[in-house]
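Each remark here refers to the structure printed beneath this line.
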Amino acid sequence: GGGGGGAALLGEDEGLCSICIAEVRNATLLPCGHGGICFDCGKRLVAMRSRCPLCRASIDEVLRYDESLTFTNAEGKEVVVSDMSAART
């Protein structure tokens with residue numbers, strides 16, 4: 001048989017970057033807010049002036065986040081803290 005599944009190719013099962021499939025998902029593209037990628041791939045997209053691979057929106061900045069710094073605010077909403085960013089110049 002062929003083995004393997006489509007989801008594994010995108011790294012969904014392991015929480016890996018949908019682009020390089022090697023690093024942990026830890027970045028979000030702005031302004032669209034799409035994620036599922038690692039910070040290094042996000043920086044490359046910004047540097048190449050690429051568009052979001054999901055919605056094709058212009059990318060102004062990529063934020064790296066640390067899920068271990070997640071907390072719930074007074075309104076009961078989950079907040080994830082960004083610890084680094086890379087913006088278009």
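Identifiers in this document derive from the order of the structure tokens: chains are assigned A, B, ..., residues are numbered from 1 separately in each chain, and ligands are numbered from 1 in order of occurrence.
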
Exercise for the section: Determine which residues of chain A DSSP labels as strand (DSSP E or B) from the backbone of this structure, then write them out as a ChimeraX atom specification. Expected result: /A:16,24,27-30,37,51,58,61-72,78-87

Put those residues in a file: N, CA, C and O atoms, as a compact mmCIF listing (two decimals), in the first residue's frame.
```txt
# COMPACT_ATOMS: atom_id res chain seq x y z
N LEU A 16 3.42 20.64 13.55
CA LEU A 16 4.58 21.18 12.85
C LEU A 16 4.17 22.22 11.82
O LEU A 16 3.04 22.23 11.34
N VAL A 24 8.28 23.63 15.03
CA VAL A 24 7.02 23.77 15.74
C VAL A 24 6.28 25.01 15.24
O VAL A 24 6.89 26.04 14.96
N ALA A 27 4.03 30.85 15.05
CA ALA A 27 3.97 32.19 14.46
C ALA A 27 2.60 32.47 13.85
O ALA A 27 1.89 31.56 13.43
N THR A 28 2.28 33.76 13.78
CA THR A 28 1.03 34.24 13.20
C THR A 28 1.36 35.38 12.25
O THR A 28 2.17 36.25 12.57
N LEU A 29 0.72 35.37 11.08
CA LEU A 29 0.91 36.42 10.10
C LEU A 29 -0.07 37.56 10.36
O LEU A 29 -1.22 37.33 10.73
N LEU A 30 0.40 38.79 10.17
CA LEU A 30 -0.46 39.96 10.34
C LEU A 30 -0.54 40.73 9.03
O LEU A 30 0.45 40.80 8.31
N ILE A 37 2.42 28.07 11.12
CA ILE A 37 3.78 28.09 10.57
C ILE A 37 4.78 28.39 11.66
O ILE A 37 4.43 28.85 12.74
N ARG A 51 2.62 36.64 -0.05
CA ARG A 51 1.27 36.79 0.49
C ARG A 51 0.98 35.58 1.38
O ARG A 51 1.63 34.56 1.28
N SER A 58 -1.82 40.43 1.89
CA SER A 58 -0.48 40.97 2.06
C SER A 58 -0.01 40.70 3.49
O SER A 58 -0.81 40.77 4.41
N GLU A 61 3.67 41.71 8.82
CA GLU A 61 4.48 41.34 9.98
C GLU A 61 4.19 39.90 10.36
O GLU A 61 3.11 39.38 10.10
N VAL A 62 5.18 39.25 10.98
CA VAL A 62 4.97 37.92 11.55
C VAL A 62 5.30 38.01 13.03
O VAL A 62 6.28 38.65 13.42
N LEU A 63 4.45 37.42 13.87
CA LEU A 63 4.66 37.41 15.32
C LEU A 63 5.02 36.00 15.77
O LEU A 63 4.38 35.04 15.36
N ARG A 64 6.05 35.89 16.59
CA ARG A 64 6.36 34.61 17.22
C ARG A 64 5.68 34.60 18.58
O ARG A 64 5.70 35.60 19.30
N TYR A 65 5.06 33.49 18.94
CA TYR A 65 4.40 33.39 20.23
C TYR A 65 4.91 32.18 21.00
O TYR A 65 5.49 31.27 20.43
N ASP A 66 4.69 32.22 22.29
CA ASP A 66 5.09 31.15 23.19
C ASP A 66 3.84 30.67 23.92
O ASP A 66 3.32 31.38 24.77
N GLU A 67 3.34 29.49 23.55
CA GLU A 67 2.11 28.99 24.15
C GLU A 67 2.23 28.77 25.65
O GLU A 67 1.22 28.74 26.35
N SER A 68 3.45 28.66 26.16
CA SER A 68 3.61 28.48 27.60
C SER A 68 3.28 29.79 28.35
O SER A 68 3.11 29.78 29.56
N LEU A 69 3.21 30.90 27.62
CA LEU A 69 2.88 32.19 28.23
C LEU A 69 1.41 32.55 28.05
O LEU A 69 1.01 33.68 28.24
N THR A 70 0.58 31.56 27.70
CA THR A 70 -0.85 31.78 27.50
C THR A 70 -1.55 31.96 28.85
O THR A 70 -1.22 31.29 29.83
N PHE A 71 -2.51 32.89 28.89
CA PHE A 71 -3.31 33.07 30.10
C PHE A 71 -4.72 33.47 29.70
O PHE A 71 -5.00 33.79 28.55
N THR A 72 -5.63 33.44 30.66
CA THR A 72 -7.02 33.84 30.43
C THR A 72 -7.23 35.21 31.05
O THR A 72 -6.91 35.42 32.22
N GLU A 78 -8.77 33.59 26.01
CA GLU A 78 -7.39 33.14 26.04
C GLU A 78 -6.49 34.16 25.35
O GLU A 78 -6.80 34.64 24.26
N VAL A 79 -5.38 34.51 25.99
CA VAL A 79 -4.42 35.46 25.46
C VAL A 79 -3.08 34.76 25.31
O VAL A 79 -2.61 34.11 26.23
N VAL A 80 -2.48 34.87 24.11
CA VAL A 80 -1.17 34.30 23.85
C VAL A 80 -0.18 35.45 23.70
O VAL A 80 -0.44 36.41 22.98
N VAL A 81 0.94 35.35 24.38
CA VAL A 81 1.93 36.42 24.40
C VAL A 81 2.93 36.24 23.26
O VAL A 81 3.49 35.17 23.08
N SER A 82 3.15 37.32 22.49
CA SER A 82 4.16 37.33 21.44
C SER A 82 5.47 37.80 22.05
O SER A 82 5.49 38.76 22.81
N ASP A 83 6.56 37.10 21.71
CA ASP A 83 7.85 37.49 22.28
C ASP A 83 8.82 38.02 21.23
O ASP A 83 9.93 38.40 21.54
N MET A 84 8.41 38.03 19.94
CA MET A 84 9.29 38.53 18.89
C MET A 84 8.48 38.79 17.64
O MET A 84 7.45 38.14 17.41
N SER A 85 8.92 39.73 16.82
CA SER A 85 8.25 39.99 15.55
C SER A 85 9.25 40.36 14.48
O SER A 85 10.39 40.73 14.77
N ALA A 86 8.83 40.22 13.23
CA ALA A 86 9.63 40.66 12.08
C ALA A 86 8.66 41.35 11.13
O ALA A 86 7.62 40.77 10.78
N ALA A 87 8.98 42.58 10.75
CA ALA A 87 8.08 43.36 9.91
C ALA A 87 8.75 43.70 8.58
O ALA A 87 9.97 43.70 8.46
```

**OP:** Once DSSP has gone over the backbone, tell me which residues of segment 24-74 of chain A are in alpha helix (DSSP H), as a ChimeraX atom specification.
**Re:** /A:39-47

Dump C-alpha atoms for the selected residues as a PDB file, in the first residue's frame?
```pdb
ATOM      1  CA  PHE A  39       8.731  31.894  12.880  1.00  0.00           C
ATOM      2  CA  ASP A  40      11.593  31.173  10.443  1.00  0.00           C
ATOM      3  CA  CYS A  41       9.184  30.434   7.572  1.00  0.00           C
ATOM      4  CA  GLY A  42       7.160  33.505   8.534  1.00  0.00           C
ATOM      5  CA  LYS A  43      10.294  35.664   8.397  1.00  0.00           C
ATOM      6  CA  ARG A  44      11.067  34.268   4.931  1.00  0.00           C
ATOM      7  CA  LEU A  45       7.549  35.105   3.736  1.00  0.00           C
ATOM      8  CA  VAL A  46       7.940  38.676   5.039  1.00  0.00           C
ATOM      9  CA  ALA A  47      11.404  39.073   3.488  1.00  0.00           C
TER      10      ALA A  47
END
```

- Task: Find the residues near Cys17 of chain A: any atom within 7 Å, counting only C-alpha atoms, skip ones fewer than 5 places away on the same chain, and give them as a list in words.
- Result: Gly11, Ala22, Glu23, Val24, Arg25, Gly36, Ile37 and Cys38 of chain A

Grab the residues selected above and save them as a JSON list (two decimals), in the first residue's frame with C-alpha atoms.
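Okay, part10.json is ready:
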```json
[["chain", "number", "residue", "atom", "x", "y", "z"],
["A", 11, "GLY", "CA", 2.39, 18.44, 9.83],
["A", 22, "ALA", "CA", 10.25, 20.51, 10.50],
["A", 23, "GLU", "CA", 9.75, 23.18, 13.16],
["A", 24, "VAL", "CA", 7.02, 23.77, 15.74],
["A", 25, "ARG", "CA", 4.12, 26.06, 14.79],
["A", 36, "GLY", "CA", 0.22, 27.12, 11.47],
["A", 37, "ILE", "CA", 3.78, 28.09, 10.57],
["A", 38, "CYS", "CA", 7.13, 28.49, 12.30]]
```
